[in-house]
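**Q** After the structure tokens below, expect a handful of questions from me.
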Amino acid sequence: MSPDEKKRFQGVLSVKLSRIAAAVTTAALAPAVFIASPAFAAGPDAPAAGNQPAPTAPDQSVPDQAEEDRKTILAIIAHPMASEHMKEAGRKAMADGAQAMRTFIEVDQHRIRLDDYRVAIIRLTHGAGPSLTEGINKLLDGGANLEQLRHFYEVTQHELRDVDHRVEITKLISTGGPAVKKAGNEALKGTPADRTAFLKTGRYLAQAEDDRVELARIDEGWDGPILSEAISKLLNGSATPAELRHFLEVTQHQLRDQDNSVKIAQIIAGGGLELVKAGRAALAGTAADRVEFLTTGQHEARAKDQAAKDKEKPAPGRDGQDQNQGTGAGTGGASTGGGTGSGQSAVTAQGGSGAPLATTGAGDHTTLIAGGAGTALVAGAGLLLAARMRRAGTAG
């Protein structure tokens, strides 16, 4: 082989060897590159390699962060404290994309939650006692932050409410009956839940027990048929605590007034002028007027009627004294004695004997004669009666 042919053979051999080395290298690296490619990882339905995002760390974390934010927002708007405003803002953020969700989580939810707590705390003032009301006003006037508002709503409000419950229970005990006092003292010794339960239901059950005792006492001391019949019906039935309380506070007074009206009508039947007048005025007036008539008015009216009767009757003995005085003045003895014609004149004359008769002068004889005649008349009547009795005895 010539030197030129030997060079050409060496050159061809070198090219073939380089190509073989390249092929071997490619074959060795191909599986690793294929497996690591995005198209293989995404599966057969993955888009072409040219449409894949660059495999950088930030780009791969965006989908993961958005999904986490979505879950966070769903939990926020599902919370019992979430208002409609919070729910609406959360749903809008999820619809607007990843950046809107991030803004909602980092900024908007806290601003909305602050407003929600303020509104919720303001609503607590309805029906709140003095301690809770004072605490709410102090909190809102002091510009509380979100954490302070949350703590007040979840913790402090219950502590202040229990203070008010204690005060209210103490007042009920001071004015209640035995059952209320007993149940109230037990609640004060118990838990806040016990005190809440007492004020919600326990107090009314205890009050009903006391009301039944009070109704029995009223029935025992009242003589009116209308009220007594209603009390008996109520106690023997299945009245609720509210019905018992309403009867004591309202109905009993209405029925008591009806009994009073019946009693007044019975009193004035056949009564005197003043009694009838006062009784009719009471019947036409108020319930208080009827109570006043039965308590004092009827007695005052009776006294007026009696005074009027006493004024119409002559005073005992006044007429006889006047006649005696007239006789002693020198009027004719015969006409004076015979003019009266009644036993009263004679009795009055006898009753006036003594010193006054001794000083009448000439008229004394006439008086004595009249007196003697009266005495004789009485004696004769006695003798006649004795004779009749003797005859009756003889005939028997």
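Please note that chains go A, B, ... in the order of the structure tokens, that every chain numbers its residues from 1, and that ligands are numbered from 1 in the order shown.
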Residues within 8 Å of Arg161 of chain A, please, as a VMD selection string. Count only C-alpha atoms; anything in the same chain fewer than 5 positions from it doesn't count.

**A** chain A and resid 128 to 129 131 to 132

**Q** What's the 10 Å shell around segment 147-152 of chain A, counting only C-alpha atoms, without same-chain residues fewer than 3 positions away, as a list in words?

**A**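 Counting only the stated atoms, we get Arg113, Leu114, Asp115, Asp116, Tyr117, Arg118, Ala120, Ile121, Gly135, Ile136, Leu139, Leu140, Gly143, Ala144, Val155, Thr156, Gln157, His158, Glu159 and Leu160 of chain A.
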
**Q** Please produce a file of those selected residues containing N, CA and C atoms, as an mmCIF file, in the first residue's frame.

**A**
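Below you can see result.cif, which holds the result:
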```
data_model
loop_
_atom_site.group_PDB
_atom_site.id
_atom_site.type_symbol
_atom_site.label_atom_id
_atom_site.label_comp_id
_atom_site.auth_asym_id
_atom_site.auth_seq_id
_atom_site.Cartn_x
_atom_site.Cartn_y
_atom_site.Cartn_z
ATOM 1 N N ARG A 113 -63.196 40.813 59.134
ATOM 2 C CA ARG A 113 -63.417 40.171 60.435
ATOM 3 C C ARG A 113 -63.514 41.205 61.550
ATOM 4 N N LEU A 114 -62.737 42.260 61.470
ATOM 5 C CA LEU A 114 -62.803 43.333 62.454
ATOM 6 C C LEU A 114 -64.193 43.947 62.478
ATOM 7 N N ASP A 115 -64.732 44.224 61.285
ATOM 8 C CA ASP A 115 -66.087 44.779 61.209
ATOM 9 C C ASP A 115 -67.120 43.777 61.716
ATOM 10 N N ASP A 116 -66.946 42.496 61.400
ATOM 11 C CA ASP A 116 -67.905 41.478 61.835
ATOM 12 C C ASP A 116 -67.961 41.371 63.354
ATOM 13 N N TYR A 117 -66.798 41.391 64.008
ATOM 14 C CA TYR A 117 -66.779 41.318 65.461
ATOM 15 C C TYR A 117 -67.425 42.542 66.088
ATOM 16 N N ARG A 118 -67.202 43.692 65.501
ATOM 17 C CA ARG A 118 -67.823 44.910 66.030
ATOM 18 C C ARG A 118 -69.347 44.816 65.963
ATOM 19 N N ALA A 120 -71.162 42.059 65.777
ATOM 20 C CA ALA A 120 -71.623 41.011 66.686
ATOM 21 C C ALA A 120 -71.634 41.495 68.140
ATOM 22 N N ILE A 121 -70.635 42.266 68.519
ATOM 23 C CA ILE A 121 -70.575 42.766 69.900
ATOM 24 C C ILE A 121 -71.639 43.816 70.147
ATOM 25 N N GLY A 135 -69.155 47.084 79.756
ATOM 26 C CA GLY A 135 -67.990 46.477 79.130
ATOM 27 C C GLY A 135 -67.970 46.665 77.624
ATOM 28 N N ILE A 136 -69.125 46.556 76.980
ATOM 29 C CA ILE A 136 -69.204 46.750 75.529
ATOM 30 C C ILE A 136 -68.852 48.176 75.157
ATOM 31 N N LEU A 139 -65.159 48.825 75.494
ATOM 32 C CA LEU A 139 -64.371 48.156 74.460
ATOM 33 C C LEU A 139 -64.438 48.909 73.134
ATOM 34 N N LEU A 140 -65.634 49.259 72.720
ATOM 35 C CA LEU A 140 -65.799 49.907 71.415
ATOM 36 C C LEU A 140 -65.273 51.336 71.416
ATOM 37 N N GLY A 143 -61.202 51.696 70.854
ATOM 38 C CA GLY A 143 -60.511 51.348 69.620
ATOM 39 C C GLY A 143 -59.804 50.020 69.692
ATOM 40 N N ALA A 144 -60.505 48.980 70.121
ATOM 41 C CA ALA A 144 -59.894 47.660 70.297
ATOM 42 C C ALA A 144 -59.456 47.066 68.959
ATOM 43 N N VAL A 155 -64.834 35.268 75.363
ATOM 44 C CA VAL A 155 -64.574 35.032 76.786
ATOM 45 C C VAL A 155 -65.247 36.084 77.679
ATOM 46 N N THR A 156 -64.867 37.352 77.491
ATOM 47 C CA THR A 156 -65.250 38.394 78.449
ATOM 48 C C THR A 156 -66.751 38.589 78.539
ATOM 49 N N GLN A 157 -67.430 38.525 77.413
ATOM 50 C CA GLN A 157 -68.875 38.770 77.444
ATOM 51 C C GLN A 157 -69.594 37.778 78.354
ATOM 52 N N HIS A 158 -69.137 36.541 78.401
ATOM 53 C CA HIS A 158 -69.776 35.530 79.246
ATOM 54 C C HIS A 158 -69.504 35.796 80.727
ATOM 55 N N GLU A 159 -68.323 36.284 81.035
ATOM 56 C CA GLU A 159 -68.007 36.628 82.423
ATOM 57 C C GLU A 159 -68.875 37.788 82.902
ATOM 58 N N LEU A 160 -69.007 38.821 82.084
ATOM 59 C CA LEU A 160 -69.820 39.979 82.467
ATOM 60 C C LEU A 160 -71.299 39.622 82.526
#
```

**Q** Identify, on the basis of only C-alpha atoms, every residue whose closest approach to segment 252-258 of chain A does not exceed 8 Å; exclude the query and any residue fewer than 4 positions from it along the same chain; express the result as a list in words.

**A**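 Residues near the query, excluding close chain neighbours: Gly224, Ile226, Leu227, Phe247, Leu248, Val262, Ala287 and Arg290 of chain A.
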
**Q** Deliver the residues from the most recent selection as a file, using C-alpha atoms, as a compact mmCIF listing (two decimals), in the first residue's frame.

**A**
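The resulting file, selection-v5.txt, is shown below:
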```txt
# COMPACT_ATOMS: atom_id res chain seq x y z
CA GLY A 224 -117.05 36.08 97.07
CA ILE A 226 -117.03 34.36 91.58
CA LEU A 227 -113.35 34.60 92.54
CA PHE A 247 -104.36 35.24 87.10
CA LEU A 248 -102.63 36.69 90.13
CA VAL A 262 -122.68 41.89 93.68
CA ALA A 287 -113.02 49.26 91.09
CA ARG A 290 -116.30 50.01 95.04
```

**Q** Write out as a PDB file with C-alpha atoms, in the first residue's frame each polymer residue whose atoms come within 10 Å of segment 87-94 of chain A, counting only C-alpha atoms; drop sequence neighbours fewer than 4 positions from it.

**A**
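Output file around_21.pdb follows:
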```pdb
ATOM      1  CA  ALA A  66     -53.159  28.623  44.814  1.00  0.00           C
ATOM      2  CA  GLU A  67     -54.750  25.356  45.837  1.00  0.00           C
ATOM      3  CA  ASP A  69     -55.138  29.439  49.371  1.00  0.00           C
ATOM      4  CA  ARG A  70     -58.400  28.150  47.979  1.00  0.00           C
ATOM      5  CA  LYS A  71     -58.709  25.653  50.831  1.00  0.00           C
ATOM      6  CA  THR A  72     -57.907  28.386  53.345  1.00  0.00           C
ATOM      7  CA  ILE A  73     -60.608  30.689  51.944  1.00  0.00           C
ATOM      8  CA  LEU A  74     -63.196  27.903  51.977  1.00  0.00           C
ATOM      9  CA  ALA A  75     -62.458  27.320  55.660  1.00  0.00           C
ATOM     10  CA  ILE A  76     -62.732  31.044  56.424  1.00  0.00           C
ATOM     11  CA  ILE A  77     -66.144  31.500  54.810  1.00  0.00           C
ATOM     12  CA  ALA A  78     -67.446  28.283  56.426  1.00  0.00           C
ATOM     13  CA  HIS A  79     -66.724  29.580  59.937  1.00  0.00           C
ATOM     14  CA  ALA A  82     -68.288  34.555  58.858  1.00  0.00           C
ATOM     15  CA  SER A  83     -70.737  37.203  57.749  1.00  0.00           C
ATOM     16  CA  ALA A  98     -54.297  33.349  42.699  1.00  0.00           C
ATOM     17  CA  GLN A  99     -53.276  36.948  43.359  1.00  0.00           C
ATOM     18  CA  ALA A 100     -56.774  37.928  44.533  1.00  0.00           C
ATOM     19  CA  MET A 101     -56.877  34.944  46.879  1.00  0.00           C
ATOM     20  CA  ARG A 102     -53.515  35.904  48.352  1.00  0.00           C
ATOM     21  CA  THR A 103     -54.711  39.481  48.934  1.00  0.00           C
ATOM     22  CA  PHE A 104     -57.911  38.229  50.580  1.00  0.00           C
ATOM     23  CA  ILE A 105     -55.988  35.987  52.980  1.00  0.00           C
ATOM     24  CA  ASP A 108     -59.109  41.642  53.287  1.00  0.00           C
ATOM     25  CA  GLN A 109     -60.221  38.893  55.649  1.00  0.00           C
ATOM     26  CA  ILE A 112     -63.794  42.261  57.273  1.00  0.00           C
TER      27      ILE A 112
END
```

**Q** Quick one: distance from atom CA of Phe293 of chain A to atom CA of Asp310 of chain A in Å, one decimal?

**A**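 Separation between atom CA of Phe293 of chain A and atom CA of Asp310 of chain A: 23.4 Å.
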
**Q** Would you mind reading off the distance between atom CA of Ile173 of chain A and atom CA of Arg203 of chain A, one decimal, in Å?

**A**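 Atom-to-atom, atom CA of Ile173 of chain A to atom CA of Arg203 of chain A, that is 9.8 Å.
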
**Q** Separation of atom CA of Gly190 of chain A and atom CA of Arg123 of chain A, in Å?

**A**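 Taking atom CA of Gly190 of chain A as the start and atom CA of Arg123 of chain A as the end point, the length is 27.7 Å.
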
**Q** Counting only C-alpha atoms, what is within 12 Å of Thr240 of chain A, bar same-chain residues fewer than 3 positions away, as an MDAnalysis selection string?

**A** chainID A and resid 204:209 211:212 234:235 237 243:247

**Q** Would you give me, as a PyMOL selection string, the residues in segment 117-313 of chain A that DSSP reads as alpha helix (DSSP H)?

**A** chain A and resi 117-123+130-141+146-151+157-175+178-189+192-197+203-221+225-236+241-246+252-268+273-284+287-292+298-312

**Q** If you count only C-alpha atoms, which residues fall within 12 Å of Asp223 of chain A, apart from same-chain ones fewer than 2 positions away, as a ChimeraX atom specification?

**A** /A:218-221,225-229,256,259-260,262-263
